[in-house]
Every structure is written in C-alpha cells, then in structure tokens.
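Peer 1: Contents of run04.txt (compact mmCIF, C-alpha atoms) are below:
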```txt
# COMPACT_ATOMS: atom_id res chain seq x y z
CA MET A 1 -79.61 38.75 45.06
CA ASN A 2 -76.76 38.30 47.54
CA ASP A 3 -76.89 38.54 51.33
CA ASN A 4 -76.23 42.28 51.20
CA GLY A 5 -79.24 42.95 49.02
CA GLY A 6 -77.09 43.78 46.02
CA GLN A 7 -76.99 42.18 42.60
CA ASP A 8 -75.62 38.64 42.37
CA LEU A 9 -72.12 38.96 40.91
CA GLY A 10 -71.73 35.26 40.08
CA PRO A 11 -69.14 32.80 41.44
CA ALA A 12 -67.37 33.80 44.63
CA PHE A 13 -63.81 33.33 43.29
CA PRO A 14 -62.14 32.82 39.89
CA GLY A 15 -62.76 29.32 38.61
CA ALA A 16 -65.57 28.68 41.08
CA GLY A 17 -68.04 27.95 38.29
CA VAL A 18 -65.84 25.12 36.99
CA LEU A 19 -65.53 23.61 40.47
CA TYR A 20 -69.28 23.91 41.01
CA ASP A 21 -69.91 22.04 37.75
CA LEU A 22 -67.38 19.34 38.69
CA ALA A 23 -69.04 18.86 42.08
CA ALA A 24 -72.48 18.74 40.45
CA CYS A 25 -71.33 16.03 38.02
CA MET A 26 -69.87 13.94 40.84
CA ARG A 27 -73.05 14.22 42.91
CA PHE A 28 -75.31 13.33 39.96
CA TYR A 29 -73.24 10.41 38.66
CA SER A 30 -72.23 8.78 41.95
CA ARG A 31 -73.29 7.79 45.44
CA LEU A 32 -70.47 9.80 46.98
CA SER A 33 -71.35 12.44 49.53
CA ILE A 34 -69.92 15.62 48.00
CA PRO A 35 -70.29 18.55 50.39
CA ALA A 36 -71.48 21.95 49.26
CA LEU A 37 -68.63 24.20 48.15
CA PRO A 38 -68.25 27.72 49.55
CA TYR A 39 -70.96 30.02 48.14
CA GLU A 40 -72.21 27.25 45.81
CA PRO A 41 -75.76 28.10 44.71
CA ASP A 42 -78.30 25.32 45.32
CA PRO A 43 -75.71 22.50 45.43
CA TYR A 44 -78.21 19.63 45.64
CA ALA A 45 -80.54 20.68 42.84
CA THR A 46 -80.74 18.68 39.59
CA PRO A 47 -77.79 19.85 37.47
CA ASP A 48 -78.38 22.12 34.49
CA PHE A 49 -77.05 19.97 31.67
CA ARG A 50 -76.79 22.93 29.35
CA THR A 51 -73.49 23.78 31.06
CA VAL A 52 -72.61 21.30 33.82
CA PRO A 53 -71.36 18.42 31.58
CA ARG A 54 -68.35 20.43 30.44
CA MET A 55 -66.57 18.91 33.46
CA LEU A 56 -67.93 15.39 32.95
CA PRO A 57 -64.66 13.86 31.63
CA LEU A 58 -62.75 15.09 34.68
CA ALA A 59 -65.52 13.86 36.97
CA GLY A 60 -65.28 10.49 35.22
CA VAL A 61 -61.57 10.27 36.00
CA ILE A 62 -62.11 11.12 39.66
CA LEU A 63 -64.97 8.64 40.03
CA ALA A 64 -62.85 5.90 38.39
CA LEU A 65 -59.83 6.51 40.64
CA PRO A 66 -61.01 4.13 43.42
CA SER A 67 -61.48 1.37 40.83
CA ALA A 68 -58.05 1.99 39.35
CA LEU A 69 -56.39 1.95 42.77
CA VAL A 70 -58.12 -1.29 43.77
CA MET A 71 -57.13 -2.89 40.46
CA VAL A 72 -53.50 -1.84 40.91
CA GLY A 73 -53.48 -3.07 44.50
CA ALA A 74 -54.98 -6.44 43.57
CA TRP A 75 -52.48 -6.80 40.72
CA GLU A 76 -49.55 -5.94 42.99
CA ILE A 77 -50.49 -8.57 45.59
CA ARG A 78 -50.74 -11.14 42.80
CA LEU A 79 -54.46 -11.87 42.85
CA GLY A 80 -54.31 -12.24 39.08
CA PRO A 81 -55.62 -10.08 36.23
CA PHE A 82 -59.20 -11.37 36.16
CA VAL A 83 -59.75 -10.96 39.90
CA ALA A 84 -58.13 -7.51 39.79
CA ALA A 85 -60.36 -6.42 36.91
CA THR A 86 -63.49 -7.82 38.55
CA LEU A 87 -62.74 -6.05 41.82
CA ALA A 88 -62.29 -2.81 39.88
CA LEU A 89 -65.76 -3.20 38.35
CA ALA A 90 -67.25 -4.01 41.75
CA VAL A 91 -65.83 -0.80 43.19
CA SER A 92 -67.12 1.13 40.19
CA ALA A 93 -70.63 -0.19 40.79
CA LEU A 94 -70.44 0.83 44.44
CA VAL A 95 -69.23 4.33 43.62
CA THR A 96 -71.80 5.00 40.89
CA GLY A 97 -74.68 2.96 42.29
CA ALA A 98 -74.65 1.00 39.00
CA LEU A 99 -76.43 3.98 37.45
CA HIS A 100 -75.30 3.33 33.89
CA GLU A 101 -75.66 -0.44 34.16
CA ASP A 102 -79.29 0.05 35.17
CA GLY A 103 -79.87 2.15 32.06
CA LEU A 104 -78.27 -0.50 29.87
CA ALA A 105 -80.51 -3.24 31.28
CA ASP A 106 -83.66 -1.14 30.83
CA VAL A 107 -82.76 -0.28 27.24
CA ALA A 108 -82.01 -3.89 26.36
CA ASP A 109 -85.30 -5.06 27.85
CA GLY A 110 -87.31 -2.30 26.19
CA PHE A 111 -85.71 -2.42 22.76
CA GLY A 112 -85.65 -6.21 22.71
CA GLY A 113 -89.01 -6.98 24.27
CA GLY A 114 -91.38 -4.31 22.98
CA ARG A 115 -93.16 -4.39 19.63
CA THR A 116 -94.31 -0.76 19.63
CA ARG A 117 -92.75 2.51 20.74
CA GLU A 118 -95.22 2.84 23.60
CA ARG A 119 -94.61 -0.70 24.82
CA ARG A 120 -90.85 -0.25 24.69
CA LEU A 121 -91.05 2.90 26.82
CA GLU A 122 -93.37 1.10 29.23
CA ILE A 123 -90.93 -1.78 29.64
CA MET A 124 -88.06 0.67 30.18
CA ARG A 125 -89.97 2.20 33.10
CA ASP A 126 -90.35 -1.22 34.76
CA SER A 127 -87.75 -1.71 37.50
CA ARG A 128 -87.72 -5.47 36.99
CA ILE A 129 -85.00 -6.97 34.82
CA GLY A 130 -85.80 -9.37 31.99
CA ALA A 131 -83.86 -11.81 29.84
CA TYR A 132 -82.61 -9.13 27.42
CA GLY A 133 -81.48 -6.87 30.22
CA GLY A 134 -79.76 -9.66 32.13
CA THR A 135 -77.97 -10.85 29.00
CA ALA A 136 -76.85 -7.34 28.09
CA LEU A 137 -75.51 -6.74 31.60
CA PHE A 138 -73.62 -10.04 31.61
CA LEU A 139 -72.07 -9.45 28.20
CA VAL A 140 -71.00 -5.87 28.89
CA LEU A 141 -69.57 -6.70 32.32
CA ALA A 142 -67.75 -9.70 30.81
CA LEU A 143 -66.31 -7.54 28.03
CA ARG A 144 -65.19 -4.85 30.46
CA ALA A 145 -63.62 -7.36 32.87
CA GLY A 146 -62.03 -9.36 30.05
CA ALA A 147 -60.62 -6.26 28.38
CA LEU A 148 -59.15 -4.92 31.64
CA ALA A 149 -57.70 -8.33 32.55
CA THR A 150 -56.09 -8.68 29.12
CA LEU A 151 -54.74 -5.13 29.33
CA LEU A 152 -53.16 -6.01 32.69
CA ASP A 153 -51.56 -9.06 31.09
CA ARG A 154 -50.23 -7.11 28.10
CA ALA A 155 -49.49 -3.68 29.53
CA GLY A 156 -49.25 -4.10 33.29
CA LEU A 157 -50.16 -1.02 35.31
CA HIS A 158 -50.79 1.01 32.17
CA ALA A 159 -54.18 -0.73 32.31
CA ALA A 160 -55.08 1.65 35.15
CA LEU A 161 -54.46 4.62 32.83
CA VAL A 162 -56.72 3.03 30.23
CA LEU A 163 -59.46 2.51 32.81
CA LEU A 164 -59.34 6.21 33.79
CA LEU A 165 -59.30 7.36 30.17
CA ALA A 166 -62.19 5.07 29.24
CA ALA A 167 -64.21 6.43 32.16
CA ALA A 168 -63.70 9.99 30.90
CA ILE A 169 -64.30 9.34 27.20
CA SER A 170 -67.36 7.14 27.73
CA ARG A 171 -69.09 9.76 29.85
CA ALA A 172 -68.45 12.44 27.25
CA ALA A 173 -69.68 10.08 24.51
CA ALA A 174 -72.88 9.56 26.50
CA LEU A 175 -73.78 13.20 25.87
CA ALA A 176 -74.51 12.27 22.24
CA PRO A 177 -78.16 11.25 22.81
CA MET A 178 -78.85 14.53 24.62
CA VAL A 179 -77.36 16.54 21.76
CA LEU A 180 -78.68 14.55 18.79
CA LEU A 181 -82.09 13.30 19.94
CA ALA A 182 -85.22 14.88 21.33
CA PRO A 183 -86.56 13.47 24.60
CA ALA A 184 -88.74 10.41 23.99
CA ARG A 185 -90.84 11.35 27.02
CA PRO A 186 -91.58 15.11 27.28
CA GLY A 187 -91.87 14.81 31.06
CA GLY A 188 -89.06 12.32 31.61
CA ALA A 189 -85.58 12.67 33.07
CA GLY A 190 -84.04 13.12 29.64
CA ALA A 191 -86.17 16.23 29.11
CA SER A 192 -85.91 17.76 32.59
CA VAL A 193 -82.14 18.29 32.71
CA GLY A 194 -81.76 20.34 29.50
CA ARG A 195 -79.65 19.88 26.39
CA PRO A 196 -75.88 20.57 26.44
CA THR A 197 -74.84 23.62 24.44
CA GLY A 198 -72.24 23.47 21.69
CA THR A 199 -69.73 25.17 23.99
CA THR A 200 -70.35 22.61 26.71
CA VAL A 201 -69.81 19.70 24.31
CA GLY A 202 -66.71 21.38 22.89
CA ILE A 203 -65.16 21.78 26.34
CA ALA A 204 -65.94 18.15 27.23
CA ALA A 205 -64.41 16.96 23.94
CA GLY A 206 -61.36 19.15 24.51
CA LEU A 207 -60.85 17.66 27.97
CA CYS A 208 -61.01 14.17 26.46
CA LEU A 209 -58.33 15.11 23.93
CA LEU A 210 -56.19 16.60 26.70
CA LEU A 211 -56.51 13.42 28.75
CA ALA A 212 -55.59 11.37 25.67
CA LEU A 213 -52.45 13.48 25.21
CA ILE A 214 -51.55 12.93 28.85
CA GLY A 215 -52.00 9.21 28.26
CA LEU A 216 -49.72 9.43 25.25
CA ALA A 217 -47.06 11.19 27.33
CA LEU A 218 -47.36 8.44 29.96
CA GLY A 219 -46.76 5.68 27.43
CA LEU A 220 -50.09 4.70 25.91
CA PRO A 221 -49.83 3.97 22.17
CA LEU A 222 -51.05 6.62 19.73
CA LEU A 223 -52.96 4.06 17.64
CA GLY A 224 -54.71 2.82 20.77
CA LEU A 225 -55.75 6.32 21.74
CA VAL A 226 -57.13 6.98 18.26
CA LEU A 227 -59.05 3.69 18.25
CA THR A 228 -60.33 4.37 21.76
CA LEU A 229 -61.80 7.71 20.73
CA LEU A 230 -63.20 6.39 17.45
CA LEU A 231 -64.81 3.21 18.80
CA ALA A 232 -66.34 4.93 21.82
CA SER A 233 -67.84 7.60 19.57
CA ALA A 234 -69.01 5.12 16.95
CA LEU A 235 -70.81 2.86 19.43
CA SER A 236 -72.47 5.83 21.10
CA LEU A 237 -73.69 7.12 17.73
CA ALA A 238 -74.91 3.64 16.78
CA LEU A 239 -76.98 3.42 19.93
CA CYS A 240 -78.37 6.90 19.22
CA ALA A 241 -79.50 5.67 15.81
CA LEU A 242 -81.10 2.61 17.38
CA ALA A 243 -82.88 4.74 19.97
CA ARG A 244 -84.23 7.03 17.26
CA ASP A 245 -85.58 3.99 15.42
CA ARG A 246 -87.06 2.19 18.46
CA ILE A 247 -88.45 4.99 20.64
CA GLY A 248 -88.06 8.15 18.56
CA GLY A 249 -85.67 9.89 20.94
CA GLN A 250 -83.65 9.58 24.10
CA THR A 251 -84.27 8.88 27.78
CA GLY A 252 -82.05 8.73 30.84
CA ASP A 253 -81.74 5.00 30.27
CA VAL A 254 -80.46 5.55 26.72
CA ILE A 255 -77.83 7.95 28.07
CA GLY A 256 -76.69 5.36 30.62
CA ALA A 257 -76.57 2.63 27.98
CA CYS A 258 -74.49 4.89 25.75
CA GLN A 259 -71.92 5.26 28.51
CA GLN A 260 -71.67 1.50 28.90
CA VAL A 261 -71.21 0.66 25.23
CA ALA A 262 -68.82 3.59 24.79
CA GLU A 263 -66.68 2.31 27.66
CA VAL A 264 -66.54 -1.13 26.07
CA GLY A 265 -65.50 0.50 22.79
CA ALA A 266 -62.81 2.54 24.51
CA LEU A 267 -61.31 -0.49 26.25
CA LEU A 268 -61.39 -2.67 23.14
CA GLY A 269 -59.88 0.12 21.04
CA MET A 270 -56.84 0.30 23.27
CA LEU A 271 -56.62 -3.48 23.55
CA ALA A 272 -56.53 -3.85 19.77
CA ALA A 273 -53.44 -1.65 19.57
CA ILE A 274 -51.38 -3.41 22.25
CA PRO A 275 -49.63 -6.52 20.90
CA VAL A 276 -49.81 -9.87 22.62
```
Step by step, read the file and then write its structure as structure tokens.

Peer 2:
Amino acid sequence: MNDNGGQDLGPAFPGAGVLYDLAACMRFYSRLSIPALPYEPDPYATPDFRTVPRMLPLAGVILALPSALVMVGAWEIRLGPFVAATLALAVSALVTGALHEDGLADVADGFGGGRTRERRLEIMRDSRIGAYGGTALFLVLALRAGALATLLDRAGLHAALVLLLAAAISRAAALAPMVLLAPARPGGAGASVGRPTGTTVGIAAGLCLLLALIGLALGLPLLGLVLTLLLASALSLALCALARDRIGGQTGDVIGACQQVAEVGALLGMLAAIPV
C-alpha cells in the first residue's frame, strides 16, 4: 500500500526498478555508502537475487572505476606497471571489503583440507585462514596483478578497459553456482537470497555482450574479447563442478570464489590475444 492508502503501483518513475537493482547490487557487493533512492522500497534489505543481479555487470563496472582510475594515474606518473596494477587491486579490496577474496580463501581451505562434505562445510565457516586459503589468495592476486601489469606494458591505458570489462564479466559468471547448484546449506547465505531467473541471467549476459562490443569499438581485439568471455565462463563452470563434487552444492563462498577465478580467466584471455 502507498501513503495514500491506495494500491502500490510499483516504481515511482520509468526505469526506477533498474536503478533500484543497480543500487542494491552496489550496496551488497561493496563497502560504499549508497543512499536510498527516491521512493526505493526497503533499500537496505538483503537483495532479492531472483531479479536484482540483472544489473550486476554494470555495478561491477562502477565498482571497478576507482581501481581503473588509480591504475591509470599511477601509470601516468611513471610508477611502473607492477606498482600501478598492485595499487589497483588494493583499491578494489577497499571498495569491496575483499568480499570475493574471502570466499576464495574459505573455499580453498574447505575443499583442500576437509575429507568429508560435512568437514569441508565446517572449515568454510571458520573465519581463520589456512595454508590452502593463503596459497590460493597469493596465487590469484599474483595472477591478477601480473596480468594487469603485462597488459599495461603491451596495451597501455587499454588495460583500464580490460579491468572494467573483467569486473563486469566475472560478476556475471559468478551467478553460475546460484543457477546450476542447489544450496549446500539450506539455511545458509546461498539459500537465503534466492535463485536468479532465466530472464535475470539473460539480461546480465546481454549487458556483458554490450560491454564487450563497447570494448571492441574502443580498440580491444575481437579475439581477446572472445577468449575473455570463454575463459571466464569455463573457469566458473569448472568451479561449479568442483563444488558439486566436494560439498554437493553452492554457498556464498563458492559464489565469491567463482568471481575470482572468472576474473583471472577474463584477464588472461585478453592477455593471450595481445602480442608482445
């Protein structure tokens, strides 16, 4: 019901639903303080992932913008490609609260250290980081920093475009566990947010394709864009298969780990297509 006692007629203005979903994605996936939009219903509730993730690729681009700008600035003042790439990752961790990195570490510890499904899930709940988790974090951060630094060397400021595109594609790819796997814990975070509908996934995929076309128009190679999409998707699906085998489903940690491996795949896909 609205304030006048009449029937709720939905969003207050055309396109409001899309903006509400974008704001919800940015609140859920970052530490940024996103204010409530005009007439936004329950802005600080847990997002309904049946519909909200349709705007996830665009939210990924916005959340990666500070990292891209810092990387460009560091490159322009001649700090070197590795320092520029590392600063970009540091800013990313600050913006997102290392949400996905935490999921990656928990998955690595659980899948690597547990002998049974129950033990793996127990380890994944533990906030402490073990040898598997620390190693996985180091390797993924090294791959991301190395890929971005090499892209800066080979393609200059086009590396910033790749960073933004990888942020969008990897977040869309991380929807795969929610779509393909049942929650491993009926009462866990992976079960509480809902499962994206086919329409939601289709819109998110369409936005990724649109962003790829924009990248093509701005000078990114077609082969690199194809490899970026394929590798990100393939690594996400591979982790889904591993999660099905190890814990019989998905959790919030699995979703975060999918984003991390998909981002690595996206960066390496583009890197493979850019000659030395």

Peer 1: Report the distance between atom CA of A:Leu267 and atom CA of A:Gly112 in Å, rounded to one decimal place.

Peer 2: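 Interatomic distance here is 25.3 Å.
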
Peer 1: Considering only C-alpha atoms, can you say which of A:Leu239, A:Met270, A:Leu161, A:Cys208 comes closest to A:Gly224?

Peer 2: A:Met270

Peer 1: List as number ranges by chain the protein and nucleic acid residues near stretch 228-233 of chain A, meaning an atom at most 12 Å away when all atoms listed in the file are counted, but skip any in the same chain fewer than 2 places from it.

Peer 2: A: 162-163, 165-177, 205, 208-209, 211-213, 215, 220-226, 235-240, 258-274

Peer 1: Keeping only C-alpha atoms, write the selected residues to a file as a short mmCIF file (atom, residue, chain, number, x, y, z; two decimals), keeping the file's coordinate frame.

Peer 2:
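Just written: selection00.cif:
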```cif
data_model
loop_
_atom_site.label_atom_id
_atom_site.label_comp_id
_atom_site.auth_asym_id
_atom_site.auth_seq_id
_atom_site.Cartn_x
_atom_site.Cartn_y
_atom_site.Cartn_z
CA VAL A 162 -56.72 3.03 30.23
CA LEU A 163 -59.46 2.51 32.81
CA LEU A 165 -59.30 7.36 30.17
CA ALA A 166 -62.19 5.07 29.24
CA ALA A 167 -64.21 6.43 32.16
CA ALA A 168 -63.70 9.99 30.90
CA ILE A 169 -64.30 9.34 27.20
CA SER A 170 -67.36 7.14 27.73
CA ARG A 171 -69.09 9.76 29.85
CA ALA A 172 -68.45 12.44 27.25
CA ALA A 173 -69.68 10.08 24.51
CA ALA A 174 -72.88 9.56 26.50
CA LEU A 175 -73.78 13.20 25.87
CA ALA A 176 -74.51 12.27 22.24
CA PRO A 177 -78.16 11.25 22.81
CA ALA A 205 -64.41 16.96 23.94
CA CYS A 208 -61.01 14.17 26.46
CA LEU A 209 -58.33 15.11 23.93
CA LEU A 211 -56.51 13.42 28.75
CA ALA A 212 -55.59 11.37 25.67
CA LEU A 213 -52.45 13.48 25.21
CA GLY A 215 -52.00 9.21 28.26
CA LEU A 220 -50.09 4.70 25.91
CA PRO A 221 -49.83 3.97 22.17
CA LEU A 222 -51.05 6.62 19.73
CA LEU A 223 -52.96 4.06 17.64
CA GLY A 224 -54.71 2.82 20.77
CA LEU A 225 -55.75 6.32 21.74
CA VAL A 226 -57.13 6.98 18.26
CA LEU A 235 -70.81 2.86 19.43
CA SER A 236 -72.47 5.83 21.10
CA LEU A 237 -73.69 7.12 17.73
CA ALA A 238 -74.91 3.64 16.78
CA LEU A 239 -76.98 3.42 19.93
CA CYS A 240 -78.37 6.90 19.22
CA CYS A 258 -74.49 4.89 25.75
CA GLN A 259 -71.92 5.26 28.51
CA GLN A 260 -71.67 1.50 28.90
CA VAL A 261 -71.21 0.66 25.23
CA ALA A 262 -68.82 3.59 24.79
CA GLU A 263 -66.68 2.31 27.66
CA VAL A 264 -66.54 -1.13 26.07
CA GLY A 265 -65.50 0.50 22.79
CA ALA A 266 -62.81 2.54 24.51
CA LEU A 267 -61.31 -0.49 26.25
CA LEU A 268 -61.39 -2.67 23.14
CA GLY A 269 -59.88 0.12 21.04
CA MET A 270 -56.84 0.30 23.27
CA LEU A 271 -56.62 -3.48 23.55
CA ALA A 272 -56.53 -3.85 19.77
CA ALA A 273 -53.44 -1.65 19.57
CA ILE A 274 -51.38 -3.41 22.25
#
```

Peer 1: Atom CA of A:Leu141 and atom CA of A:Ala84 are how many Å apart?

Peer 2: 13.7 Å

Peer 1: How far is it from atom CA of A:Ala23 to atom CA of A:Pro66, in Å with one decimal?

Peer 2: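 Going from atom CA of A:Ala23 over to atom CA of A:Pro66 covers 16.8 Å.
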
Peer 1: Would you pick out the contacts of A:Ala36 at 12 Å or less, using all atoms listed in the file, so that residues sharing its chain but fewer than 2 positions from it are not included, and give the list as an MDAnalysis selection string?

Peer 2: chainID A and resid 19:24 26:27 33:34 38:45

Peer 1: When you look at A:Ala93 with a cut-off of 12 Å (counting only C-alpha atoms), what residues show up, excluding the ones that are within fewer than 4 positions of it in the same chain? I need them as number ranges by chain.

Peer 2: A: 29-32, 63-64, 66-67, 86-89, 97-102, 141

Peer 1: Using all atoms listed in the file, which of A:Val254, A:Ala145, A:Leu151, A:Leu104 sits nearest A:Gly133?

Peer 2: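 Among the listed residues, the smallest separation from A:Gly133 belongs to A:Leu104.
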
Peer 1: For A:Ala159, please output as a list of chain:residue names all residues within 9 Å (counting only C-alpha atoms; exclusion window: fewer than 2 positions along the same chain).

Peer 2: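 Once the nearby chain positions are removed, what remains is A:Ala68, A:Met71, A:Val72, A:Leu148, A:Ala149, A:Thr150, A:Leu151, A:Leu152, A:Asp153, A:Arg154, A:Ala155, A:Gly156, A:Leu157, A:Leu161, A:Val162, A:Leu163, A:Leu164.
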
Peer 1: Compare A:Gly256, A:Gly110, A:Gly248, A:Gly73 by their minimum atom-to-atom distance to A:Ala184, counting only C-alpha atoms, and give me the closest one.

Peer 2: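 Checking each candidate against A:Ala184, we get A:Gly248 as the closest.
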
Peer 1: With a distance cut-off of 10 Å and all atoms listed in the file, select the neighbouring residues of A:Thr251, excluding the residue or stretch itself and same-chain residues fewer than 4 positions from it, and output the selection as a list of chain:residue names.

Peer 2: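 Within the cut-off, the hits are A:Gly103, A:Val107, A:Leu121, A:Met124, A:Pro177, A:Met178, A:Leu181, A:Ala182, A:Pro183, A:Ala184, A:Arg185, A:Pro186, A:Gly188, A:Ala189, A:Gly190, A:Ala191, A:Ala243, A:Ile247, A:Ile255, A:Gly256, A:Ala257.
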
Peer 1: Measuring between only C-alpha atoms, which one of A:Val179, A:Ala131, A:Ile203, A:Leu242 shows the shortest distance to A:Met55?

Peer 2: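 Under the stated criterion, the closest residue is A:Ile203.
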
Peer 1: Produce the centre coordinates and the three edge lengths, each in Å to one decimal, of the box along x, y and z that contains all listed atoms of stretch 12-24 of chain A with 4 Å added on each side, as lines of an AutoDock Vina configuration file.

Peer 2:
```
center_x = -67.3
center_y = 26.3
center_z = 40.8
size_x = 18.3
size_y = 23.1
size_z = 15.6
```

Peer 1: Using only C-alpha atoms, pick whichever of A:Val193, A:Val140, A:Ala234, A:Pro81 has the shortest atom-to-atom distance to A:Pro47.

Peer 2: A:Val193

Peer 1: Between A:Val52, A:Tyr132, A:Phe138, A:Gly15, which is the closest to A:Arg195 once you count all atoms listed in the file?

Peer 2: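 Among A:Val52, A:Tyr132, A:Phe138, A:Gly15, it is A:Val52 that comes nearest to A:Arg195.
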
Peer 1: Atoms are missing here; could stretch 33-42 of chain A be completed with all heavy atoms and written as a compact mmCIF listing (two decimals), keeping the file's coordinate frame?

Peer 2:
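Listed below is the output, out28.txt:
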```
# COMPACT_ATOMS: atom_id res chain seq x y z
N SER A 33 -70.81 11.27 48.83
CA SER A 33 -71.35 12.44 49.53
C SER A 33 -70.41 13.61 49.30
O SER A 33 -69.37 13.73 49.97
CB SER A 33 -71.49 12.13 51.02
OG SER A 33 -71.99 13.25 51.71
N ILE A 34 -70.75 14.46 48.34
CA ILE A 34 -69.92 15.62 48.00
C ILE A 34 -70.49 16.83 48.72
O ILE A 34 -71.62 17.24 48.45
CB ILE A 34 -69.91 15.86 46.48
CG1 ILE A 34 -69.54 14.59 45.72
CG2 ILE A 34 -68.96 17.00 46.13
CD1 ILE A 34 -68.18 14.04 46.02
N PRO A 35 -69.74 17.42 49.64
CA PRO A 35 -70.29 18.55 50.39
C PRO A 35 -70.46 19.79 49.51
O PRO A 35 -69.85 19.91 48.45
CB PRO A 35 -69.24 18.79 51.48
CG PRO A 35 -67.96 18.27 50.88
CD PRO A 35 -68.36 17.10 50.02
N ALA A 36 -71.30 20.68 49.97
CA ALA A 36 -71.48 21.95 49.26
C ALA A 36 -70.19 22.76 49.33
O ALA A 36 -69.53 22.84 50.37
CB ALA A 36 -72.63 22.73 49.89
N LEU A 37 -69.82 23.35 48.20
CA LEU A 37 -68.63 24.20 48.15
C LEU A 37 -68.98 25.60 48.65
O LEU A 37 -70.15 25.99 48.67
CB LEU A 37 -68.11 24.26 46.71
CG LEU A 37 -67.73 22.91 46.08
CD1 LEU A 37 -67.21 23.10 44.67
CD2 LEU A 37 -66.71 22.17 46.92
N PRO A 38 -67.97 26.37 49.06
CA PRO A 38 -68.25 27.72 49.55
C PRO A 38 -69.03 28.55 48.52
O PRO A 38 -68.64 28.62 47.36
CB PRO A 38 -66.85 28.30 49.78
CG PRO A 38 -66.00 27.10 50.05
CD PRO A 38 -66.55 26.02 49.17
N TYR A 39 -70.12 29.13 48.94
CA TYR A 39 -70.96 30.02 48.14
C TYR A 39 -71.59 29.31 46.93
O TYR A 39 -72.07 29.98 46.01
CB TYR A 39 -70.16 31.24 47.64
CG TYR A 39 -69.51 32.01 48.75
CD1 TYR A 39 -68.13 31.89 48.98
CD2 TYR A 39 -70.25 32.83 49.58
CE1 TYR A 39 -67.52 32.59 50.02
CE2 TYR A 39 -69.64 33.53 50.62
CZ TYR A 39 -68.28 33.40 50.84
OH TYR A 39 -67.69 34.10 51.86
N GLU A 40 -71.61 27.98 46.94
CA GLU A 40 -72.21 27.25 45.81
C GLU A 40 -73.72 27.43 45.83
O GLU A 40 -74.37 27.11 46.83
CB GLU A 40 -71.86 25.77 45.89
CG GLU A 40 -72.35 24.96 44.70
CD GLU A 40 -71.96 23.50 44.79
OE1 GLU A 40 -71.36 23.10 45.81
OE2 GLU A 40 -72.26 22.75 43.84
N PRO A 41 -74.31 27.90 44.72
CA PRO A 41 -75.76 28.10 44.71
C PRO A 41 -76.51 26.78 44.51
O PRO A 41 -76.26 26.05 43.57
CB PRO A 41 -75.98 29.04 43.51
CG PRO A 41 -74.82 28.76 42.60
CD PRO A 41 -73.66 28.38 43.49
N ASP A 42 -77.41 26.48 45.42
CA ASP A 42 -78.30 25.32 45.32
C ASP A 42 -77.54 24.05 44.95
O ASP A 42 -77.77 23.45 43.90
CB ASP A 42 -79.39 25.61 44.28
CG ASP A 42 -80.66 24.80 44.53
OD1 ASP A 42 -80.68 24.05 45.52
OD2 ASP A 42 -81.60 24.92 43.74
```
